[in-house]
>>> print(open('data.txt').read())   # compact mmCIF, C-alpha atoms
# COMPACT_ATOMS: atom_id res chain seq x y z
CA MET A 1 119.49 134.19 91.22
CA MET A 2 119.66 132.12 94.42
CA PHE A 3 115.96 132.76 95.05
CA THR A 4 114.92 131.42 91.63
CA LYS A 5 117.06 128.29 91.93
CA CYS A 6 115.71 127.39 95.37
CA ASP A 7 112.07 127.96 94.35
CA SER A 8 112.46 125.62 91.37
CA MET A 9 114.30 122.89 93.25
CA LEU A 10 112.20 122.77 96.43
CA PRO A 11 108.92 121.56 94.80
CA ARG A 12 110.88 118.92 92.84
CA THR A 13 112.46 117.67 96.04
CA LEU A 14 109.09 117.43 97.79
CA ILE A 15 107.50 115.67 94.81
CA SER A 16 110.35 113.14 94.65
CA LEU A 17 109.89 112.36 98.34
CA PHE A 18 106.19 111.67 97.84
CA LEU A 19 106.81 109.56 94.73
CA LEU A 20 109.59 107.49 96.29
CA PRO A 21 107.30 104.74 97.72
CA VAL A 22 105.59 104.37 94.33
CA LEU A 23 108.79 104.28 92.31
CA SER A 24 110.33 101.73 94.66
CA ALA A 25 107.38 99.31 94.45
CA GLU A 26 108.55 95.73 94.54
CA PRO A 27 108.03 93.38 91.61
CA CYS A 28 106.02 90.24 92.31
CA ALA A 29 107.89 87.47 90.52
CA LYS A 30 105.86 84.48 89.36
CA THR A 31 106.81 81.32 91.22
CA PRO A 32 108.57 78.84 88.90
CA GLY A 33 106.24 76.04 87.89
CA SER A 34 103.08 77.93 88.86
CA ASN A 35 100.76 80.26 86.96
CA CYS A 36 99.00 81.56 90.06
CA LYS A 37 101.67 82.28 92.68
CA CYS A 38 104.15 85.10 93.06
CA GLU A 39 106.43 86.54 95.72
CA THR A 40 108.22 89.85 96.25
CA PRO A 41 111.82 90.17 97.49
CA SER A 42 110.50 91.20 100.94
CA GLY A 43 108.40 88.03 101.24
CA ILE A 44 104.90 89.22 100.29
CA LYS A 45 103.14 86.23 98.71
CA ILE A 46 100.12 85.85 96.45
CA ASP A 47 98.73 82.34 96.09
CA LEU A 48 95.58 81.54 94.12
CA SER A 49 96.13 77.78 94.09
CA PRO A 50 93.36 77.10 96.68
CA LEU A 51 90.92 78.46 94.06
CA ASP A 52 92.05 76.14 91.28
CA GLN A 53 89.52 73.71 89.80
CA SER A 54 91.40 71.32 87.59
CA GLY A 55 90.00 70.87 84.09
CA THR A 56 86.94 73.11 84.55
CA PRO A 57 86.46 76.85 85.13
CA ARG A 58 86.13 77.81 88.81
CA PHE A 59 84.42 81.13 88.12
CA THR A 60 81.62 82.34 85.87
CA THR A 61 80.47 85.94 85.48
CA VAL A 62 78.11 87.78 83.11
CA ASP A 63 78.31 91.16 81.40
CA PRO A 64 74.89 92.62 82.30
CA SER A 65 74.94 94.96 79.31
CA ASN A 66 74.88 92.26 76.62
CA GLY A 67 74.59 88.90 78.39
CA ASP A 68 78.07 87.67 77.43
CA THR A 69 79.35 84.99 79.80
CA TYR A 70 82.95 84.71 80.96
CA TYR A 71 84.71 81.70 82.48
CA TYR A 72 87.95 81.73 84.45
CA ASN A 73 90.21 79.31 86.31
CA PRO A 74 93.24 80.66 88.21
CA CYS A 75 95.92 77.98 87.93
CA SER A 76 95.30 75.14 85.51
CA ALA A 77 93.95 75.28 81.98
CA PHE A 78 90.42 74.16 81.13
CA THR A 79 88.59 73.15 77.98
CA ILE A 80 84.97 73.72 77.02
CA PRO A 81 84.06 70.77 74.74
CA GLY A 82 83.08 71.70 71.20
CA SER A 83 84.30 75.28 71.48
CA ALA A 84 87.33 77.39 70.62
CA CYS A 85 88.21 77.49 74.33
CA ALA A 86 90.76 74.67 74.61
CA ASP A 87 93.49 74.71 77.28
CA VAL A 88 92.72 78.28 78.31
CA ALA A 89 92.73 80.37 81.47
CA ALA A 90 89.72 82.48 80.48
CA CYS A 91 86.96 82.19 77.90
CA GLN A 92 84.21 84.43 76.50
CA ASP A 93 80.82 83.17 75.33
CA HIS A 94 79.55 85.85 72.96
CA LYS A 95 76.11 85.13 71.49
CA GLY A 96 76.81 81.40 71.36
CA ALA A 97 80.35 81.70 69.98
CA ASP A 98 83.25 80.97 72.31
CA TYR A 99 86.57 82.82 72.27
CA SER A 100 89.76 82.28 74.23
CA ILE A 101 90.67 85.47 76.07
CA GLY A 102 93.77 84.26 77.91
CA LEU A 103 96.22 81.38 78.17
CA GLN A 104 97.66 80.07 81.46
CA ASN A 105 101.28 80.18 80.33
CA THR A 106 101.01 83.94 79.72
CA ALA A 107 100.03 84.74 83.33
CA ASN A 108 101.84 87.83 84.61
CA PHE A 109 101.50 89.66 87.93
CA THR A 110 101.76 93.43 87.65
CA GLY A 111 101.28 96.33 90.00
CA ASP A 112 102.10 97.49 93.50
CA THR A 113 101.74 94.83 96.27
CA THR A 114 101.29 97.50 98.93
CA ASP A 115 97.88 98.39 97.45
CA PRO A 116 95.45 95.56 96.51
CA THR A 117 93.66 97.79 93.98
CA LYS A 118 96.92 98.03 92.03
CA ILE A 119 97.69 94.30 91.78
CA HIS A 120 96.63 92.67 88.53
CA LEU A 121 96.95 89.21 87.05
CA VAL A 122 97.10 89.54 83.27
CA TYR A 123 96.68 86.90 80.55
CA HIS A 124 96.66 87.14 76.78
CA THR A 125 96.13 84.94 73.73
CA GLU A 126 98.22 84.26 70.67
CA PRO A 127 97.27 86.39 67.62
CA ASP A 128 94.24 85.01 65.78
CA PRO A 129 94.14 84.84 61.93
CA LYS A 130 93.24 88.56 61.89
CA GLY A 131 96.15 89.43 64.18
CA VAL A 132 93.91 90.17 67.16
CA ILE A 133 95.35 89.47 70.62
CA ARG A 134 92.74 89.23 73.35
CA GLU A 135 93.64 90.07 76.94
CA THR A 136 92.22 89.37 80.40
CA ASN A 137 93.14 91.76 83.22
CA ILE A 138 92.05 90.69 86.72
CA ALA A 139 92.39 93.10 89.65
CA LEU A 140 93.13 91.14 92.83
CA GLU A 141 91.42 92.88 95.73
CA CYS A 142 91.24 92.38 99.48
CA SER A 143 87.88 91.66 101.13
CA ASP A 144 86.56 90.32 104.43
CA SER A 145 84.81 87.40 102.75
CA THR A 146 86.18 83.87 102.85
CA THR A 147 84.23 83.21 99.63
CA PRO A 148 86.05 84.51 96.53
CA GLU A 149 84.01 86.56 94.06
CA PHE A 150 84.82 87.04 90.38
CA LYS A 151 83.09 89.92 88.54
CA PHE A 152 83.09 91.36 85.04
CA VAL A 153 84.01 95.07 85.00
CA LYS A 154 84.26 96.20 81.38
CA GLU A 155 85.69 95.69 77.92
CA ASP A 156 87.87 98.70 77.25
CA PRO A 157 87.92 99.91 74.58
CA PRO A 158 84.65 98.28 73.50
CA GLY A 159 85.02 95.60 70.86
CA LYS A 160 88.82 95.42 71.09
CA GLY A 161 89.13 92.24 73.16
CA LYS A 162 90.59 93.84 76.32
CA PHE A 163 88.56 92.55 79.26
CA PHE A 164 88.74 93.72 82.88
CA PHE A 165 87.55 91.81 85.94
CA THR A 166 87.91 91.84 89.73
CA LEU A 167 88.66 88.92 92.02
CA THR A 168 87.97 89.70 95.69
CA TRP A 169 88.93 87.38 98.56
CA ASN A 170 90.20 87.63 102.12
CA GLN A 171 93.39 85.80 101.16
CA LEU A 172 94.30 88.72 98.91
CA CYS A 173 94.98 91.04 101.85
CA TYR A 174 98.70 90.93 101.31
CA LYS A 175 100.99 90.51 104.28
CA PRO A 176 104.73 89.96 104.40
CA SER A 177 105.72 86.42 105.31
CA SER A 178 107.26 85.86 108.73
CA SER A 179 110.40 84.42 107.15
CA GLY A 180 112.16 87.75 106.66
CA LEU A 181 112.34 91.47 107.35
CA SER A 182 111.50 94.15 104.83
CA ALA A 183 114.16 96.55 103.56
CA GLY A 184 112.63 99.36 105.62
CA SER A 185 112.80 97.29 108.82
CA ILE A 186 116.46 96.44 108.18
CA LEU A 187 117.33 100.11 107.63
CA CYS A 188 115.56 101.10 110.87
CA ILE A 189 117.48 98.44 112.82
CA ILE A 190 120.81 99.56 111.31
CA PHE A 191 120.03 103.20 112.14
CA LEU A 192 119.09 102.36 115.73
CA VAL A 193 122.28 100.32 116.23
CA LEU A 194 124.43 103.16 114.85
CA VAL A 195 122.75 105.68 117.18
CA ILE A 196 123.35 103.44 120.21
CA VAL A 197 126.99 102.84 119.23
CA TYR A 198 127.50 106.57 118.65
CA PHE A 199 126.19 107.66 122.05
CA VAL A 200 127.39 104.76 124.20
CA GLY A 201 130.81 104.60 122.54
CA GLY A 202 131.17 108.36 122.68
CA ILE A 203 130.27 108.55 126.37
CA LEU A 204 132.73 105.79 127.29
CA PHE A 205 135.51 107.40 125.26
CA LEU A 206 134.95 110.87 126.72
CA HIS A 207 134.74 109.55 130.29
CA PHE A 208 137.69 107.15 130.35
CA VAL A 209 140.03 108.84 127.86
CA ARG A 210 139.33 112.53 128.42
CA GLY A 211 137.91 112.39 131.95
CA ALA A 212 134.70 114.20 130.99
CA THR A 213 131.79 114.44 133.43
CA GLY A 214 128.20 115.67 133.41
CA ALA A 215 126.92 117.23 130.18
CA GLU A 216 130.42 117.00 128.71
CA LEU A 217 129.88 113.24 128.36
CA ILE A 218 127.49 113.80 125.44
CA PRO A 219 129.42 113.32 122.17
CA ASN A 220 129.66 116.54 120.13
CA ASN A 221 127.94 118.40 122.96
CA SER A 222 128.15 121.81 121.32
CA PHE A 223 126.56 120.52 118.11
CA TRP A 224 123.52 119.09 119.91
CA LYS A 225 123.11 122.34 121.85
CA ASP A 226 123.14 124.33 118.62
CA LEU A 227 120.94 121.91 116.65
CA PRO A 228 117.54 123.49 117.53
CA TYR A 229 118.85 126.92 116.48
CA LEU A 230 120.31 125.50 113.27
CA ILE A 231 116.94 123.90 112.43
CA ARG A 232 115.18 127.20 113.15
CA ASP A 233 117.61 129.10 110.93
CA GLY A 234 117.16 126.53 108.17
CA PHE A 235 113.37 126.87 108.20
CA THR A 236 113.68 130.66 108.23
CA PHE A 237 116.10 130.55 105.30
CA VAL A 238 113.80 128.33 103.20
CA SER A 239 110.61 130.24 104.11
CA ASN A 240 112.33 133.46 102.95
CA GLY A 241 112.93 131.93 99.52
CA CYS A 242 116.56 131.09 100.30
CA LYS A 243 117.43 134.78 100.39
CA ILE A 244 120.21 135.83 102.69
CA GLU A 245 119.16 138.67 104.94
CA THR A 246 121.73 141.43 105.23
CA THR A 247 121.64 144.20 107.80
CA TYR A 248 123.83 147.23 108.24
CA ASP A 249 124.62 149.05 111.43
CA LYS A 250 123.57 152.68 111.49
CA ILE A 251 126.49 155.08 111.25
>>> encode(input="data.txt", output="structure tokens")
Amino acid sequence: MMFTKCDSMLPRTLISLFLLPVLSAEPCAKTPGSNCKCETPSGIKIDLSPLDQSGTPRFTTVDPSNGDTYYYNPCSAFTIPGSACADVAACQDHKGADYSIGLQNTANFTGDTTDPTKIHLVYHTEPDPKGVIRETNIALECSDSTTPEFKFVKEDPPGKGKFFFTLTWNQLCYKPSSSGLSAGSILCIIFLVLVIVYFVGGILFLHFVRGATGAELIPNNSFWKDLPYLIRDGFTFVSNGCKIETTYDKI
């Protein structure tokens, strides 16, 4: 019974350890008053405002499969005169007809800021008379280039108004701001301080209170001596499927 329980729990434990960084990914909250800035609790910042072109689209890209043209501006809304694209973030020109595919006030940052391929800036429209909501999904990716590049990727599923693009730029190589420490750094500092206090405090106590000398100054000396053997026994126990070995002396 013990063997079965250990075998079922061990893989789950290992999987949870590997998934922990993903599950604890920080949200990137949109900066109040801005449609193109966000910041995580640990200080990682995304700022597209240098790319903004007030009143007109900064970027244009073409779907090579059908010639459709797409326009995009990161921060402020733009209008294409004489078209359905008025006060929009993104627009589609499909065979001479223009369609809004995203509004600035719907901008939402999603994804994991530790991996540029998983950071997306998403916009959507209000429902049209047929109830269709169009959506623009832009993957923000790191590159070495100082010149930003906006590219059409796909409409998926085809004909459903869900458009995917990439925006690559060297300012999208996310780095924590210097204003604060990450949660991991704080935990490491706390752990290091506790270890120092444990050993230094223990040595002083054992020396001045109990008169210990030499190896006896190490706090919990017997535990640290036995630790390598305890680790070995633990690995042996797990590798044997958590079965307790029993031996009997010959009569």
>>> atom_distance(input="data.txt", atom1="CA of Tyr72 in chain A", atom2="CA of Cys91 in chain A")
6.6 Å
>>> closest_residue(input="data.txt", among="A:Val238, A:Ala84, A:Leu172, A:Leu187", to="Cys142 in chain A", atoms="all atoms listed in the file")
A:Leu172
>>> axis_aligned_box(input="data.txt", around="range 189-207 of chain A", padding_each_side="4 Å", output="lines of an AutoDock Vina configuration file")
center_x = 126.5
center_y = 104.7
center_z = 120.8
size_x = 26.0
size_y = 20.4
size_z = 27.0
>>> atom_distance(input="data.txt", atom1="CA of Glu126 in chain A", atom2="CA of Val88 in chain A")
11.2 Å
>>> closest_residue(input="data.txt", among="A:Tyr99, A:Ile189, A:Ile44, A:Thr56", to="Asp68 in chain A", atoms="only C-alpha atoms")
A:Tyr99
>>> closest_residue(input="data.txt", among="A:Asn35, A:Val197, A:Gly211, A:Glu135", to="Gly159 in chain A", atoms="all atoms listed in the file")
A:Glu135
>>> atom_distance(input="data.txt", atom1="CA of Glu155 in chain A", atom2="CA of Ile138 in chain A")
12.0 Å
>>> residues_near_point(input="data.txt", point="(90.1, 71.7, 76.1)", cutoff="12 Å", atoms="all atoms listed in the file", output="ChimeraX atom specification")
/A:54-57,76-91,100,103
>>> residues_around(input="data.txt", residues="Gly161 in chain A", least_positions_apart="4", cutoff="12 Å", atoms="all atoms listed in the file", output="list in words")
Cys91, Gln92, His94, Tyr99, Ser100, Ile101, Gly102, Tyr123, His124, Thr125, Pro127, Asp128, Gly131, Val132, Ile133, Arg134, Glu135, Thr136, Asn137, Lys154, Glu155, Asp156 and Pro157 of chain A
>>> closest_residue(input="data.txt", among="A:Asp93, A:Asp63, A:Asp47, A:Glu149", to="Cys75 in chain A", atoms="all atoms listed in the file")
A:Asp47
>>> residues_near_point(input="data.txt", point="(100.5, 85.8, 89.7)", cutoff="6 Å", atoms="all atoms listed in the file", output="list in words")
Lys30, Cys36, Lys37, Cys38, Asn108, Phe109 and Leu121 of chain A
>>> write_last_selection(input="data.txt", atoms="C-alpha atoms", output="compact mmCIF listing (two decimals), in the coordinates of the input")
# COMPACT_ATOMS: atom_id res chain seq x y z
CA LYS A 30 105.86 84.48 89.36
CA CYS A 36 99.00 81.56 90.06
CA LYS A 37 101.67 82.28 92.68
CA CYS A 38 104.15 85.10 93.06
CA ASN A 108 101.84 87.83 84.61
CA PHE A 109 101.50 89.66 87.93
CA LEU A 121 96.95 89.21 87.05
